[in-house]
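I have placed the structure first, in the form of structure tokens, so that the comments after it can refer back to it.
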Amino acid sequence: MIKRDLVIVGGGPAGMAAAVSAYENGVKDILLLERDQYLGGILNQCIHTGFGINYFKEVLTGPEYAGRFIKKIKGVSGIEVSLKSIAVKLTNDKTITFLSPGRLKTIKARAIIMATGCREKTREMTHIQGTRPAGVFSAGLAQKLINIEGLLPGKEVVIIGSGDIGLIMARRFALEGAKVKAVIEIQKKSRGLLRNMVQCVEDFDIPVYFNHKISRIYGKDRVEKVSVMKVNDNFNEIPGSIFEIKCDTILMSVGLISENELIEMAGVKIEENKTSVPGIFVCGNSFKIYDVVDSVTTDSYLIGKLAADYTLS
Amino acid sequence: MVVRKFTCIECPKGCRLIVDVEDGKVARVTGNECPKGEQYAISEIENPVRTLTSTVLGQGLDLKMIPVRTNKPIPKSRIFEAMDEIKKIKVKKPLNAGDIIVKNFLGLDVDLIATRKAE
């Protein structure tokens, strides 16, 4: 079996910061696994500005922020990057198995950092009634379709939830000429950053309905309309408040969940800054959901150092 | 005097700004935790601007869509005009993040730059 000092799973902001930090703290045999064909993770599709204000003291877009770390990683020989490589198994003796084009590889590591990010909550998790037509997307998927694939998923959009990705996508759809008909938020106020309420929603005169929820999705092949109701503070319907909005697309922006299946399958428990198994670490959104990437970088640097200390001890 | 209220968008803090406006000019800004807030308030009253980010089409490159931004903020009133121009652009030559795609974009003394390397 191949042996490596440190294997990092995930080449997004967390994995890249952990790799650079571990390298700077003395580990010279690092393997960084990334399932996509590029490093950068979700930053590549976050083309808007607002990254780096705390960490770099300047305002960057997602790709620019990622680019700084990609450059650093490519500049050192101690970090080997394996793209198109998806980790499929982790065991608590610190072996990791990954699949890359044409091969399945198992590696025994002295230490492993899991930086596998997070997933978006789906329609199914919000219990919205109605039919199941095409046209219901998670906000991040719509972001990928527009910013990476160059495809506009719809022309009349209703956004469910006021998370940051949903707000950012409200603006993106508006810029691309789509009509964003409403942002529907069940809570009293936005879940996203205030600045996004201003620059993404108010700037484009997009109506926001707080204390409202979608009661039903209509449409046979494609989304045709939604019905919306006002709710009280306990999220119960206020009678007589239902109205309909015609739309062909629904974006779900209702939260993120850490992606931790491999860790769970290995029977490893996540604790603050470490796990129940010495030498297995977790950082970034797979550890907890962050608001801003700068904090992911800072915290992942620390994890990179802890992993380096462990590897070299 | 008119009192206007804004949420500062310069950083994720989102300070609530209270802006006293006299004859269309900012007389006083409070609520800001740093000097950027004051500049933002003045700009919001006198000439609201935004940094525009979008994508342009790549041809024969490893990226189908190349992310771009204006290297300085542009007037809010010109945003949709800028988008119309951005949609016409095709990039065929490899470029690095920071490379200029359109110089003096819309005659605004602002450049449209790539934000990601494309080969």
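Ordering of the structure tokens sets the chain letters (A, B, ...); residue numbers start at 1 within each chain; ligands are numbered from 1 in the order shown.
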For chain B against chain A, which residues fall within 8 Å using only C-alpha atoms, given as a VMD selection string? chain B and resid 7 to 14 51 53 to 55 57 63 to 68 80 83 97 115 to 116
Can you write out the residues you just picked, keeping C-alpha atoms, as an mmCIF file, in the first residue's frame?
data_model
loop_
_atom_site.group_PDB
_atom_site.id
_atom_site.type_symbol
_atom_site.label_atom_id
_atom_site.label_comp_id
_atom_site.auth_asym_id
_atom_site.auth_seq_id
_atom_site.Cartn_x
_atom_site.Cartn_y
_atom_site.Cartn_z
ATOM 1 C CA THR B 7 -26.937 49.505 5.189
ATOM 2 C CA CYS B 8 -23.272 49.758 4.292
ATOM 3 C CA ILE B 9 -22.229 47.084 1.767
ATOM 4 C CA GLU B 10 -18.470 47.571 1.971
ATOM 5 C CA CYS B 11 -17.948 44.513 4.171
ATOM 6 C CA PRO B 12 -19.981 41.668 5.692
ATOM 7 C CA LYS B 13 -20.606 43.640 8.926
ATOM 8 C CA GLY B 14 -23.390 45.667 7.293
ATOM 9 C CA THR B 51 -18.638 46.688 -8.969
ATOM 10 C CA THR B 53 -19.314 40.885 -11.953
ATOM 11 C CA SER B 54 -20.452 38.539 -14.692
ATOM 12 C CA THR B 55 -19.080 36.036 -17.188
ATOM 13 C CA LEU B 57 -17.935 33.392 -23.343
ATOM 14 C CA LEU B 63 -13.334 27.393 -19.549
ATOM 15 C CA LYS B 64 -16.631 27.846 -21.341
ATOM 16 C CA MET B 65 -17.438 30.847 -19.191
ATOM 17 C CA ILE B 66 -14.721 33.223 -18.013
ATOM 18 C CA PRO B 67 -15.627 35.237 -14.922
ATOM 19 C CA VAL B 68 -15.065 38.984 -15.220
ATOM 20 C CA PHE B 80 -27.746 46.902 -17.616
ATOM 21 C CA MET B 83 -24.452 43.650 -19.202
ATOM 22 C CA ALA B 97 -6.715 36.585 -13.691
ATOM 23 C CA THR B 115 -10.944 37.033 -12.601
ATOM 24 C CA ARG B 116 -9.814 33.502 -13.469
#
Long-range neighbours of A:Val9 as a ChimeraX atom specification, 9 Å cut-off, only C-alpha atoms, 2 positions minimum in chain: /A:7,11,15,31-35,86-87,112-116
Could you write those residues out with C-alpha atoms, as a short mmCIF file (atom, residue, chain, number, x, y, z; two decimals), in the first residue's frame?
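The new file part-v2.cif reads:
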data_model
loop_
_atom_site.label_atom_id
_atom_site.label_comp_id
_atom_site.auth_asym_id
_atom_site.auth_seq_id
_atom_site.Cartn_x
_atom_site.Cartn_y
_atom_site.Cartn_z
CA VAL A 7 -3.72 13.30 2.68
CA GLY A 11 -9.39 21.20 -2.89
CA GLY A 15 -8.39 22.01 1.86
CA LEU A 31 -1.49 14.62 -1.32
CA LEU A 32 -4.45 16.88 -2.04
CA LEU A 33 -7.47 15.12 -3.56
CA GLU A 34 -10.04 17.11 -5.55
CA ARG A 35 -13.00 15.53 -7.29
CA ILE A 86 -13.13 11.33 -5.43
CA ALA A 87 -12.63 9.80 -2.00
CA ILE A 112 -5.80 12.91 7.07
CA ILE A 113 -7.69 16.19 6.81
CA MET A 114 -11.25 15.99 5.57
CA ALA A 115 -12.25 19.25 3.87
CA THR A 116 -15.23 17.98 1.93
#
Quick one: DSSP strand (DSSP E or B) residues in stretch 148-231 of chain A, as a count of residues only? 28
Which of chain B fall in alpha helix (DSSP H), as a ChimeraX atom specification: /B:35-46,79-88
Save out the residues we just selected, C-alpha atoms, as a PDB file, in the first residue's frame.
ATOM      1  CA  PRO B  35     -14.118  55.340   7.211  1.00  0.00           C
ATOM      2  CA  LYS B  36     -15.370  53.192   4.309  1.00  0.00           C
ATOM      3  CA  GLY B  37     -18.900  53.639   5.630  1.00  0.00           C
ATOM      4  CA  GLU B  38     -18.700  57.406   5.263  1.00  0.00           C
ATOM      5  CA  GLN B  39     -17.378  57.129   1.696  1.00  0.00           C
ATOM      6  CA  TYR B  40     -20.121  54.640   0.872  1.00  0.00           C
ATOM      7  CA  ALA B  41     -22.827  56.962   2.233  1.00  0.00           C
ATOM      8  CA  ILE B  42     -21.506  59.904   0.214  1.00  0.00           C
ATOM      9  CA  SER B  43     -21.382  57.776  -2.918  1.00  0.00           C
ATOM     10  CA  GLU B  44     -24.901  56.404  -2.339  1.00  0.00           C
ATOM     11  CA  ILE B  45     -26.300  59.942  -2.169  1.00  0.00           C
ATOM     12  CA  GLU B  46     -24.239  61.635  -4.852  1.00  0.00           C
ATOM     13  CA  ILE B  79     -25.307  48.287 -15.034  1.00  0.00           C
ATOM     14  CA  PHE B  80     -27.746  46.902 -17.616  1.00  0.00           C
ATOM     15  CA  GLU B  81     -26.013  48.685 -20.469  1.00  0.00           C
ATOM     16  CA  ALA B  82     -22.787  47.078 -19.241  1.00  0.00           C
ATOM     17  CA  MET B  83     -24.452  43.650 -19.202  1.00  0.00           C
ATOM     18  CA  ASP B  84     -25.554  44.118 -22.817  1.00  0.00           C
ATOM     19  CA  GLU B  85     -21.927  44.738 -23.792  1.00  0.00           C
ATOM     20  CA  ILE B  86     -20.632  41.827 -21.713  1.00  0.00           C
ATOM     21  CA  LYS B  87     -22.979  39.439 -23.511  1.00  0.00           C
ATOM     22  CA  LYS B  88     -21.382  40.332 -26.868  1.00  0.00           C
TER      23      LYS B  88
END
Taking 4 positions as the minimum chain separation for residues in the same chain, which residues sit within 7 Å of B:Asp99 when counting only C-alpha atoms? Answer as a list in words. Leu95, Ile113 and Ala114 of chain B
Using only C-alpha atoms, the residue out of A:Leu90, A:Val180, A:Ile263, A:Ala308 with shortest distance to A:Glu156 is A:Val180
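Atom to atom, atom CA of B:Glu22 and atom CA of B:Phe6 stand 16.1 Å apart.
Among the candidates A:Ala182, A:Ala134, A:Cys200, A:Val228, the residue lying nearest to A:Ile159 is A:Ala182 (atoms considered: only C-alpha atoms).
Contact shell of B:Thr70 at 6 Å (only C-alpha atoms; same-chain neighbours under 3 positions omitted): Thr51, Leu52, Asp111 and Leu112 of chain B.
Between atom CA of A:Glu202 and atom CA of B:Val3 there is a distance of 18.7 Å.
Our summary of the geometry notes that atom CA of A:Phe287 is positioned 14.9 Å from atom CA of A:Glu120.
For the residues A:Ser85, A:Thr97, A:Thr275, A:Ser253, ranking by smallest atom-to-atom distance to A:Ala139 using only C-alpha atoms places A:Ser253 first.
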Residues within 12 Å of A:Pro278, please, as a PyMOL selection string. Count only C-alpha atoms; anything in the same chain fewer than 4 positions from it doesn't count. chain A and resi 92-94+110-113+268-271+273-274+282+306-307+309-311+313
Those same residues, written as a PDB file, in the first residue's frame with N, CA and C atoms?
ATOM      1  N   ASN A  92     -10.785   4.134  10.157  1.00  0.00           N
ATOM      2  CA  ASN A  92     -10.212   4.818  11.313  1.00  0.00           C
ATOM      3  C   ASN A  92      -8.737   4.456  11.560  1.00  0.00           C
ATOM      4  N   ASP A  93      -8.159   3.590  10.680  1.00  0.00           N
ATOM      5  CA  ASP A  93      -6.699   3.399  10.763  1.00  0.00           C
ATOM      6  C   ASP A  93      -5.981   4.324   9.780  1.00  0.00           C
ATOM      7  N   LYS A  94      -6.709   5.336   9.329  1.00  0.00           N
ATOM      8  CA  LYS A  94      -6.191   6.393   8.454  1.00  0.00           C
ATOM      9  C   LYS A  94      -5.774   5.873   7.078  1.00  0.00           C
ATOM     10  N   ARG A 110      -0.266   9.105   7.442  1.00  0.00           N
ATOM     11  CA  ARG A 110       0.000   9.368   8.866  1.00  0.00           C
ATOM     12  C   ARG A 110      -1.095  10.259   9.432  1.00  0.00           C
ATOM     13  N   ALA A 111      -1.570  11.214   8.607  1.00  0.00           N
ATOM     14  CA  ALA A 111      -2.685  12.071   9.033  1.00  0.00           C
ATOM     15  C   ALA A 111      -3.570  12.370   7.831  1.00  0.00           C
ATOM     16  N   ILE A 112      -4.840  12.598   8.127  1.00  0.00           N
ATOM     17  CA  ILE A 112      -5.805  12.913   7.074  1.00  0.00           C
ATOM     18  C   ILE A 112      -6.609  14.143   7.504  1.00  0.00           C
ATOM     19  N   ILE A 113      -6.791  15.057   6.556  1.00  0.00           N
ATOM     20  CA  ILE A 113      -7.691  16.191   6.813  1.00  0.00           C
ATOM     21  C   ILE A 113      -8.866  16.077   5.855  1.00  0.00           C
ATOM     22  N   VAL A 268     -16.041   7.759  12.938  1.00  0.00           N
ATOM     23  CA  VAL A 268     -15.241   8.802  13.579  1.00  0.00           C
ATOM     24  C   VAL A 268     -16.163   9.938  14.016  1.00  0.00           C
ATOM     25  N   LYS A 269     -15.961  10.416  15.225  1.00  0.00           N
ATOM     26  CA  LYS A 269     -16.787  11.521  15.739  1.00  0.00           C
ATOM     27  C   LYS A 269     -16.020  12.839  15.631  1.00  0.00           C
ATOM     28  N   ILE A 270     -16.746  13.876  15.222  1.00  0.00           N
ATOM     29  CA  ILE A 270     -16.112  15.193  15.095  1.00  0.00           C
ATOM     30  C   ILE A 270     -16.171  15.927  16.427  1.00  0.00           C
ATOM     31  N   GLU A 271     -14.986  16.401  16.863  1.00  0.00           N
ATOM     32  CA  GLU A 271     -14.917  17.225  18.066  1.00  0.00           C
ATOM     33  C   GLU A 271     -14.289  18.544  17.656  1.00  0.00           C
ATOM     34  N   ASN A 273     -11.937  21.165  16.597  1.00  0.00           N
ATOM     35  CA  ASN A 273     -10.567  21.172  16.069  1.00  0.00           C
ATOM     36  C   ASN A 273      -9.965  19.803  15.785  1.00  0.00           C
ATOM     37  N   LYS A 274     -10.663  18.709  16.110  1.00  0.00           N
ATOM     38  CA  LYS A 274     -10.104  17.385  15.842  1.00  0.00           C
ATOM     39  C   LYS A 274     -11.243  16.372  15.767  1.00  0.00           C
ATOM     40  N   VAL A 282     -10.883  17.569  10.604  1.00  0.00           N
ATOM     41  CA  VAL A 282     -11.946  18.072   9.729  1.00  0.00           C
ATOM     42  C   VAL A 282     -11.855  19.589   9.713  1.00  0.00           C
ATOM     43  N   LEU A 306      -2.101  21.872  13.121  1.00  0.00           N
ATOM     44  CA  LEU A 306      -2.319  20.749  14.056  1.00  0.00           C
ATOM     45  C   LEU A 306      -1.971  19.423  13.382  1.00  0.00           C
ATOM     46  N   ALA A 307      -2.379  19.304  12.124  1.00  0.00           N
ATOM     47  CA  ALA A 307      -2.087  18.060  11.392  1.00  0.00           C
ATOM     48  C   ALA A 307      -0.589  17.913  11.165  1.00  0.00           C
ATOM     49  N   ASP A 309       1.792  19.155  13.124  1.00  0.00           N
ATOM     50  CA  ASP A 309       2.378  18.795  14.431  1.00  0.00           C
ATOM     51  C   ASP A 309       2.193  17.304  14.694  1.00  0.00           C
ATOM     52  N   TYR A 310       1.003  16.818  14.365  1.00  0.00           N
ATOM     53  CA  TYR A 310       0.720  15.389  14.594  1.00  0.00           C
ATOM     54  C   TYR A 310       1.604  14.522  13.693  1.00  0.00           C
ATOM     55  N   THR A 311       1.673  14.895  12.411  1.00  0.00           N
ATOM     56  CA  THR A 311       2.435  14.106  11.440  1.00  0.00           C
ATOM     57  C   THR A 311       3.910  14.022  11.806  1.00  0.00           C
ATOM     58  N   SER A 313       5.259  14.458  14.791  1.00  0.00           N
ATOM     59  CA  SER A 313       5.583  14.071  16.176  1.00  0.00           C
ATOM     60  C   SER A 313       5.954  12.593  16.266  1.00  0.00           C
TER      61      SER A 313
END
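Contact shell of A:Glu224 at 7 Å (only C-alpha atoms; same-chain neighbours under 5 positions omitted): Tyr218, Gly219, Lys246, Cys247 and Asp248 of chain A.
Proximity to A:Lys181 was assessed for A:Phe137, A:Tyr38, A:Tyr209, A:Tyr290 counting only C-alpha atoms; the smallest distance is recorded for A:Tyr209.
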